[in-house]
Each structure stands twice: as C-alpha cells, then as structure tokens.
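Trainee: I am sharing work_25.cif, which consists of mmCIF, C-alpha atoms:
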```cif
data_coords
#
loop_
_atom_site.label_atom_id
_atom_site.label_comp_id
_atom_site.auth_asym_id
_atom_site.auth_seq_id
_atom_site.Cartn_x
_atom_site.Cartn_y
_atom_site.Cartn_z
CA MET A 55 100.13 153.52 129.87
CA TYR A 56 103.68 153.01 131.06
CA GLU A 57 107.12 153.26 129.60
CA VAL A 58 109.01 150.07 130.43
CA TYR A 59 112.77 149.69 130.71
CA ALA A 60 115.16 146.79 131.20
CA ILE A 61 118.36 147.79 132.99
CA ARG A 62 121.32 145.41 132.73
CA TYR A 63 123.35 145.47 135.94
CA ALA A 64 125.40 142.24 135.92
CA HIS A 65 126.64 139.43 133.72
CA ARG A 66 128.19 136.01 133.90
CA ASP A 67 129.78 133.70 131.41
CA ALA A 68 128.14 130.31 131.23
CA LYS A 69 127.56 127.36 128.92
CA ARG A 70 124.45 125.80 127.44
CA THR A 71 124.70 122.77 129.69
CA GLU A 72 124.06 125.01 132.71
CA HIS A 73 120.67 126.30 131.54
CA PHE A 74 118.62 123.21 130.67
CA ILE A 75 117.52 120.34 132.88
CA GLY A 76 119.22 117.28 131.46
CA GLY A 77 122.04 119.33 130.02
CA ASP A 78 122.63 120.01 126.35
CA PRO A 79 124.56 118.12 123.65
CA HIS A 80 126.49 121.27 122.80
CA ASP A 81 128.98 122.70 125.27
CA ALA A 82 128.80 126.11 123.63
CA PRO A 83 128.83 129.46 125.46
CA MET A 84 125.46 130.77 126.67
CA PRO A 85 126.09 133.85 128.80
CA MET A 86 123.54 135.22 131.24
CA ASP A 87 122.58 138.83 131.92
CA TYR A 88 120.95 140.18 135.08
CA PHE A 89 118.27 142.85 134.92
CA VAL A 90 116.01 145.04 136.95
CA TRP A 91 112.98 146.58 135.28
CA ALA A 92 111.10 149.85 135.62
CA ALA A 93 107.54 150.75 134.64
CA VAL A 94 107.44 154.54 134.49
CA GLY A 95 104.07 156.26 134.49
CA LYS A 96 102.93 159.85 134.58
CA GLU A 97 101.47 159.58 138.08
CA ARG A 98 103.04 156.45 139.54
CA SER A 99 106.06 154.31 138.73
CA PHE A 100 107.12 150.80 139.72
CA VAL A 101 110.45 149.08 140.10
CA ILE A 102 110.41 145.36 139.38
CA ASP A 103 113.10 143.51 141.35
CA ALA A 104 116.14 144.85 143.16
CA GLY A 105 119.16 142.92 141.89
CA PHE A 106 122.15 141.93 144.02
CA THR A 107 125.00 143.71 145.73
CA GLU A 108 128.65 143.96 144.74
CA ALA A 109 129.66 141.83 147.74
CA VAL A 110 127.33 139.03 146.66
CA ALA A 111 128.59 139.34 143.08
CA LYS A 112 132.17 138.79 144.24
CA ARG A 113 131.26 135.81 146.37
CA ARG A 114 129.16 134.19 143.67
CA LYS A 115 131.65 135.10 140.91
CA ARG A 116 129.30 137.30 138.91
CA GLN A 117 130.43 140.30 136.89
CA TRP A 118 128.83 143.25 138.69
CA LEU A 119 128.55 146.09 136.20
CA ARG A 120 126.69 148.71 138.25
CA CYS A 121 124.45 149.11 141.27
CA PRO A 122 120.97 148.03 140.16
CA ALA A 123 119.24 150.52 142.44
CA GLU A 124 121.41 153.48 141.48
CA SER A 125 121.01 152.53 137.82
CA LEU A 126 117.34 153.47 138.03
CA LYS A 127 118.44 157.10 137.89
CA LEU A 128 119.23 156.46 134.23
CA VAL A 129 115.47 156.26 133.58
CA GLY A 130 114.51 159.11 135.90
CA LEU A 131 113.80 157.18 139.10
CA ASP A 132 115.59 157.89 142.37
CA PRO A 133 115.75 154.80 144.61
CA ALA A 134 115.60 157.09 147.64
CA THR A 135 112.09 158.17 146.68
CA VAL A 136 110.68 155.09 144.91
CA LYS A 137 107.36 154.12 146.48
CA ASP A 138 106.69 150.67 145.01
CA VAL A 139 108.94 147.69 144.36
CA ILE A 140 107.47 144.47 143.00
CA LEU A 141 109.60 141.45 143.88
CA THR A 142 109.06 138.59 141.46
CA HIS A 143 110.68 136.22 143.98
CA LEU A 144 113.31 136.16 146.70
CA HIS A 145 116.30 134.64 144.93
CA TYR A 146 119.49 136.58 145.59
CA ASP A 147 119.60 138.25 142.17
CA HIS A 148 116.11 139.72 142.48
CA VAL A 149 115.97 141.13 146.01
CA GLY A 150 119.50 141.86 147.22
CA SER A 151 119.47 145.66 147.01
CA PHE A 152 116.14 146.06 148.81
CA ASP A 153 117.72 148.32 151.42
CA LYS A 154 118.45 150.94 148.75
CA PHE A 155 114.72 151.79 148.69
CA PRO A 156 114.07 153.44 152.08
CA GLN A 157 110.57 154.69 151.24
CA ALA A 158 109.30 151.78 149.17
CA GLU A 159 106.63 149.26 149.90
CA PHE A 160 107.32 145.79 148.53
CA HIS A 161 104.81 143.58 146.73
CA LEU A 162 105.56 139.88 147.18
CA GLN A 163 103.74 136.57 147.04
CA GLU A 164 103.12 135.22 150.52
CA SER A 165 103.91 131.71 149.29
CA GLU A 166 107.41 132.88 148.36
CA MET A 167 108.04 134.17 151.87
CA HIS A 168 106.80 130.87 153.32
CA TYR A 169 109.10 128.97 150.97
CA ALA A 170 112.16 131.07 151.80
CA CYS A 171 111.55 130.65 155.54
CA GLY A 172 110.32 127.08 155.43
CA ARG A 173 111.47 123.51 155.69
CA TYR A 174 113.01 123.22 152.22
CA MET A 175 115.78 125.66 153.05
CA ARG A 176 117.65 122.87 154.82
CA TYR A 177 118.48 121.47 151.36
CA PRO A 178 121.42 123.21 149.64
CA LYS A 179 120.05 122.40 146.18
CA LEU A 180 117.17 124.79 146.90
CA SER A 181 118.63 127.18 149.46
CA HIS A 182 121.68 128.11 147.37
CA SER A 183 119.53 130.56 145.38
CA PHE A 184 118.71 132.59 148.50
CA GLU A 185 120.76 134.88 150.72
CA PRO A 186 119.66 134.53 154.38
CA ASP A 187 120.31 138.21 155.06
CA ASP A 188 117.92 139.16 152.26
CA ILE A 189 115.18 136.99 153.72
CA ALA A 190 115.75 138.32 157.22
CA GLY A 191 115.60 141.84 155.81
CA MET A 192 112.24 141.21 154.21
CA VAL A 193 110.90 139.73 157.44
CA LYS A 194 111.95 142.90 159.26
CA LEU A 195 110.32 145.07 156.60
CA ASN A 196 107.13 143.10 157.03
CA PHE A 197 107.19 143.90 160.74
CA GLY A 198 107.60 147.52 159.64
CA LYS A 199 104.39 147.30 157.58
CA ARG A 200 106.28 147.75 154.31
CA VAL A 201 105.53 144.40 152.65
CA HIS A 202 102.28 143.60 150.88
CA MET A 203 101.80 139.84 150.88
CA LEU A 204 99.88 138.70 147.83
CA GLY A 205 97.78 135.56 147.76
CA GLY A 206 97.89 134.87 144.04
CA ASP A 207 97.15 136.99 140.97
CA ALA A 208 96.69 140.65 141.85
CA GLU A 209 96.16 144.10 140.39
CA ILE A 210 98.83 146.29 141.97
CA ALA A 211 97.59 149.41 140.19
CA PRO A 212 95.71 150.19 136.97
CA GLY A 213 97.83 148.74 134.17
CA ILE A 214 100.10 146.74 136.52
CA ARG A 215 99.23 143.15 137.40
CA THR A 216 101.11 140.24 138.91
CA TYR A 217 100.49 136.55 138.31
CA LEU A 218 101.59 133.66 140.47
CA VAL A 219 103.52 131.29 138.20
CA LYS A 220 105.22 128.65 140.31
CA GLY A 221 107.94 126.26 139.22
CA HIS A 222 111.32 127.95 139.37
CA SER A 223 110.46 129.05 142.91
CA ALA A 224 107.44 128.28 145.05
CA GLY A 225 106.08 131.84 144.95
CA LEU A 226 107.41 133.25 141.69
CA GLN A 227 105.28 135.89 139.99
CA CYS A 228 105.50 137.56 136.61
CA VAL A 229 104.33 141.11 135.91
CA THR A 230 102.18 142.50 133.11
CA VAL A 231 102.38 146.16 132.17
CA GLU A 232 100.05 148.06 129.87
CA THR A 233 102.03 150.04 127.30
CA ARG A 234 101.48 151.77 123.99
CA ARG A 235 102.31 148.51 122.17
CA GLY A 236 99.96 146.46 124.30
CA THR A 237 100.51 144.22 127.30
CA VAL A 238 104.19 143.58 127.99
CA VAL A 239 104.83 140.46 130.05
CA LEU A 240 107.91 140.73 132.26
CA ALA A 241 108.48 137.03 132.69
CA SER A 242 111.33 137.29 135.18
CA ASP A 243 112.42 133.72 135.88
CA VAL A 244 109.30 132.06 134.56
CA THR A 245 111.59 131.73 131.55
CA HIS A 246 115.23 132.68 131.93
CA PHE A 247 115.94 132.60 128.20
CA TYR A 248 113.73 132.73 125.11
CA GLU A 249 114.87 129.19 124.40
CA ASN A 250 113.63 127.73 127.68
CA MET A 251 110.07 128.64 126.75
CA GLU A 252 110.29 128.18 122.99
CA ALA A 253 111.82 124.71 123.23
CA GLY A 254 109.91 123.64 126.35
CA ARG A 255 113.17 122.96 128.17
CA PRO A 256 113.09 124.07 131.84
CA PHE A 257 115.93 125.90 133.52
CA THR A 258 118.13 123.93 135.90
CA THR A 259 117.04 125.68 139.11
CA ALA A 260 113.55 124.31 139.69
CA PHE A 261 111.26 123.71 142.65
CA HIS A 262 108.63 121.94 140.51
CA ILE A 263 109.37 120.98 136.91
CA GLY A 264 105.74 120.44 135.93
CA GLU A 265 104.71 123.86 137.19
CA MET A 266 107.66 125.40 135.37
CA LEU A 267 106.41 123.88 132.11
CA GLU A 268 102.89 125.13 132.85
CA GLY A 269 104.44 128.55 133.43
CA PHE A 270 105.52 128.71 129.80
CA ASP A 271 101.88 128.17 128.80
CA LYS A 272 100.78 130.88 131.24
CA LEU A 273 103.14 133.41 129.67
CA ARG A 274 101.69 132.70 126.25
CA LYS A 275 98.14 133.19 127.55
CA LEU A 276 99.00 136.51 129.16
CA ALA A 277 100.80 137.99 126.15
CA PRO A 278 99.21 139.32 122.94
CA SER A 279 102.04 137.62 121.05
CA PRO A 280 105.37 135.90 121.77
CA GLN A 281 107.05 139.23 120.98
CA HIS A 282 105.42 140.71 124.09
CA ILE A 283 107.17 138.26 126.46
CA VAL A 284 110.46 139.44 128.00
CA PRO A 285 112.59 136.69 129.58
CA GLY A 286 114.46 137.26 132.80
CA HIS A 287 118.11 136.70 131.92
CA ASP A 288 118.59 136.52 128.16
CA PRO A 289 121.28 138.81 126.66
CA GLU A 290 119.15 138.75 123.52
CA VAL A 291 116.80 141.24 125.19
CA MET A 292 119.43 143.98 124.84
CA ARG A 293 119.87 143.14 121.17
CA ARG A 294 116.21 142.91 120.23
CA TYR A 295 114.93 146.06 121.90
CA PRO A 296 116.02 149.63 121.12
CA ALA A 297 118.52 151.12 123.51
CA VAL A 298 118.01 154.41 125.26
CA PRO A 299 120.34 156.77 123.33
CA GLY A 300 123.74 156.85 124.96
CA LEU A 301 122.97 153.81 127.11
CA GLU A 302 123.57 151.04 124.60
CA GLY A 303 124.08 147.72 126.33
CA ILE A 304 122.76 149.14 129.59
CA VAL A 305 119.14 150.25 129.17
CA CYS A 306 116.58 149.31 126.53
CA ARG A 307 112.92 150.17 125.97
CA LEU A 308 110.36 147.38 126.19
CA ASP A 309 107.25 149.45 125.46
CA VAL A 310 108.20 149.68 121.79
CA PRO A 311 108.30 146.71 119.38
CA PRO A 312 111.46 144.58 119.21
CA SER A 313 113.53 144.64 116.06
CA GLU A 314 112.77 140.99 115.36
#
```
What do you get writing this file as structure tokens?
Mentor:
Amino acid sequence: MYEVYAIRYAHRDAKRTEHFIGGDPHDAPMPMDYFVWAAVGKERSFVIDAGFTEAVAKRRKRQWLRCPAESLKLVGLDPATVKDVILTHLHYDHVGSFDKFPQAEFHLQESEMHYACGRYMRYPKLSHSFEPDDIAGMVKLNFGKRVHMLGGDAEIAPGIRTYLVKGHSAGLQCVTVETRRGTVVLASDVTHFYENMEAGRPFTTAFHIGEMLEGFDKLRKLAPSPQHIVPGHDPEVMRRYPAVPGLEGIVCRLDVPPSE
C-alpha cells in the first residue's frame, strides 16, 4: 500500500473556451493547475512526472509557484536520491525537471519517445507541447541506460501499474496505485479536468480525438469508482482532497477519500 500525494507547483489563468475542442458557449474563467505526484511506500517510492522549470514558465507565461522536484521534500522524498520516476508523457509540463533526479531511472512508453522524435514534430500544432531540450535530455539518458521503454501496459512494481491510454499524446500513460482506499487512478492528461471526462468533451490538445474519448472509458474501467480518478490539471483536486497540515493549497492526500 502506498500513500499518494498531489503537489501543486504551477498555475495559469485560463477560460473555458481553451479547454474543450469546439470551444464553449461560456467565456467564463477556468484556471489550470500543474501537479507532480508521489506514491510513497515503506520500501520503495515513486515520483510521477517532473513538471517544468522556472525558465520555461516565464517563456510560456505560466505562474511558477515552486520547483516541482524540490517540492517533493514536503512529502519526505529527496530528488537527489529518488530511484524511480514514471513519466506519463513528454509534454513540457510533465518532464522538464528530469535533470533534478540524478539517480533516478525513468519509466516511459516507447511510443511516446517515437512520437516526440518523429515526423509529426514538424507541425507546430503538435510540437508546441514539447521542449526540444527535454526530448534530447531523455535521449541522452536512454544512452546512459536510465530509461525503461515500455511497450504498453506494465507493472512497474507491486501496487504500481501503468496503462497506455493514447489520445492527448501518442504515448500517454496513466498510473494506478494501490492504497488503503483502493486503486487510485492518476489520470494525468488522459483527462485534464473532471469535466472533460464527465461530459465527454476532449481537451483541445489532441493527437487523436477518438482515442482520447476511449481514454475516458479506460479510466472508468480501471477505477473502483469515479471518486478514485484524479485528473491531471483540475484545481478542484486541491479542494476535494484533504491537505497535508500546514501545506494547504500545495499538497493534498489522494490515498484517503475525497470530501465529495
């Protein structure tokens, strides 16, 4: 069993029209949060995603609240000694601080690496979500025997599994973690917000819309209930789940039931 934490490291103001393919009839605010996650076990712990850097935040006009890697110390993990990082995909906001984990091995879908290095990156509509330096860094780490390329669904360790759920990106994976409240599904960008999945309305950044819609169904199959699915960017996560005392708005616990 693992304790599971969501750590909020960045934020941006946005509107509803930015988060649904086809837009939205209401031009109301719909802000986005950025998270990294940690599954903390007695014998082995896992970091899920690595966030982005302050320099990238400035360039992309995101509100960078704290270093995602250094923030792991808030839940008892030192990035300098972390052994395992699961990358759900290679978009800039999920991999950018990879170099803060000098001892880690990275678990990544091989199809995502092919996508990020492949022919579609000539198209700005798709390549804008990637930082070339991040991709080059992962290629170098692979030469250093520090990247485990996954070929689909995989058991990373007892109680930790990844599932290939394409759509948003060609090699996106979600992560399931066994906890005291059952299987928690860290959806990452399979669904950015609760509403994307609940309303069947895909997010605007999409490689394959049909596979993104199928991804919503996959999340439901993996989870014991909808309350066990944690979306990748919804500020509602910080409101629904109990905060670690003294870290309100920064760290919340996902291995305990939400308040609603």
Trainee: Name the residues in contact with Cys121 of chain A at a cut-off of 10 Å, using all atoms listed in the file, excluding same-chain residues fewer than 5 positions from it; report them as a ChimeraX atom specification.
Mentor: /A:62-64,104-108,126,151,154
Trainee: Find, counting all atoms listed in the file, the residue in A:Ser279, A:Ser99, A:Thr259, A:Thr135 that gets nearest to Ala224 of chain A.
Mentor: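 Looking only at the distances to Ala224 of chain A, the closest residue turns out to be A:Thr259.
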Trainee: Using all atoms listed in the file, give me every residue within 10 Å of (118.9, 130.1, 145.8) in file coordinates, as a list in words.
Mentor: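 Protein and nucleic acid residues near the point are Leu144, His145, Tyr146, Asp147, Ala170, Met175, Pro178, Lys179, Leu180, Ser181, His182, Ser183, Phe184, Glu185, Pro186, Ser223, Thr259 and Ala260 of chain A.
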Trainee: Quick one: distance from atom CA of Val193 of chain A to atom CA of Gln227 of chain A in Å, one decimal?
Mentor: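 One can read the atom CA of Val193 of chain A to atom CA of Gln227 of chain A distance as 18.7 Å.
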Trainee: Evaluate the PyMOL selection byres ((chain A and resi 192) around 12) here and jot the selected residues down as a PyMOL selection string.
Mentor: chain A and resi 141+143-144+149-153+159-162+164+166-168+170-171+185-191+193-203
Trainee: What gap, in Å, lies between atom CA of Tyr59 of chain A and atom CA of Pro278 of chain A?
Mentor: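 If I compute the distance from atom CA of Tyr59 of chain A to atom CA of Pro278 of chain A, I get 18.8 Å.
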Trainee: Output the residue selection produced by the PyMOL selection byres ((chain A and resi 248) around 10) on the file above, formatted as JSON, numbers by chain.
Mentor: {"A": [245, 246, 247, 249, 250, 251, 252, 253, 254, 280, 283, 284, 285, 286, 287, 288, 289, 290, 291]}
Trainee: Atom CA of Ile140 of chain A and atom CA of Pro299 of chain A are how many Å apart?
Mentor: 26.5 Å
Trainee: Counting only C-alpha atoms, what is within 9 Å of Thr233 of chain A, bar same-chain residues fewer than 6 positions away, as a PDB file with C-alpha atoms, in the coordinates of the input?
Mentor:
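Just written: around_18.pdb:
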```
ATOM      1  CA  MET A  55     100.130 153.520 129.870  1.00  0.00           C
ATOM      2  CA  TYR A  56     103.680 153.010 131.060  1.00  0.00           C
ATOM      3  CA  GLU A  57     107.120 153.260 129.600  1.00  0.00           C
ATOM      4  CA  VAL A  58     109.010 150.070 130.430  1.00  0.00           C
ATOM      5  CA  GLY A 213      97.830 148.740 134.170  1.00  0.00           C
ATOM      6  CA  LEU A 308     110.360 147.380 126.190  1.00  0.00           C
ATOM      7  CA  ASP A 309     107.250 149.450 125.460  1.00  0.00           C
ATOM      8  CA  VAL A 310     108.200 149.680 121.790  1.00  0.00           C
TER       9      VAL A 310
END
```
Trainee: Name the residues captured by the PyMOL selection byres ((chain A and resi 86) around 7) when it is applied to the shown file; answer as a PyMOL selection string.
Mentor: chain A and resi 65-68+84-85+87-88+287-289
Trainee: With C-alpha atoms retained, could you export that selection as a tab-separated table (two decimals), in the coordinates of the input?
Mentor:
```
chain	number	residue	atom	x	y	z
A	65	HIS	CA	126.64	139.43	133.72
A	66	ARG	CA	128.19	136.01	133.90
A	67	ASP	CA	129.78	133.70	131.41
A	68	ALA	CA	128.14	130.31	131.23
A	84	MET	CA	125.46	130.77	126.67
A	85	PRO	CA	126.09	133.85	128.80
A	87	ASP	CA	122.58	138.83	131.92
A	88	TYR	CA	120.95	140.18	135.08
A	287	HIS	CA	118.11	136.70	131.92
A	288	ASP	CA	118.59	136.52	128.16
A	289	PRO	CA	121.28	138.81	126.66
```
Trainee: Residues within 7 Å of Asp81 of chain A, please, as a ChimeraX atom specification. Count all atoms listed in the file; anything in the same chain fewer than 4 positions from it doesn't count.
Mentor: /A:69-71
Trainee: Need to verify the contact set: Gly130 of chain A, 10 Å, all atoms listed in the file, exclusion of same-chain residues closer than 5 positions in sequence. Can you return it as a PyMOL selection string?
Mentor: chain A and resi 92+94+125
Trainee: Given the choices A:Ile75, A:Ala60, A:Met266, A:Val110, which gets closest to Met292 of chain A if the distance is worked out from all atoms listed in the file?
Mentor: A:Ala60
Trainee: Quick one: of A:Gly221, A:Gly76, A:Pro312, A:Pro156, who's nearest to Asp132 of chain A, counting only C-alpha atoms?
Mentor: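 Nearest candidate to Asp132 of chain A out of A:Gly221, A:Gly76, A:Pro312, A:Pro156: A:Pro156.
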Trainee: Taking 4 positions as the minimum chain separation for residues in the same chain, which residues sit within 10 Å of Gln281 of chain A when counting all atoms listed in the file? Answer as a CSV table (one decimal) with C-alpha atoms, keeping the file's coordinate frame.
Mentor:
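Dumped to selection.csv:
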```csv
chain,number,residue,atom,x,y,z
A,238,VAL,CA,104.2,143.6,128.0
A,239,VAL,CA,104.8,140.5,130.0
A,274,ARG,CA,101.7,132.7,126.2
A,277,ALA,CA,100.8,138.0,126.2
A,294,ARG,CA,116.2,142.9,120.2
A,311,PRO,CA,108.3,146.7,119.4
A,312,PRO,CA,111.5,144.6,119.2
A,313,SER,CA,113.5,144.6,116.1
A,314,GLU,CA,112.8,141.0,115.4
```
Trainee: Between A:Pro256, A:Glu124, A:Phe261, A:Pro212, which one has atoms that come closest to Tyr174 of chain A, using all atoms listed in the file?
Mentor: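 That would be A:Phe261, the residue with the smallest distance to Tyr174 of chain A.
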Trainee: Would you mind telling me which residue in A:Trp91, A:Asp78, A:Thr258, A:Arg215 lies nearest to Glu232 of chain A when using all atoms listed in the file?
Mentor: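 Nearest to Glu232 of chain A: A:Arg215.
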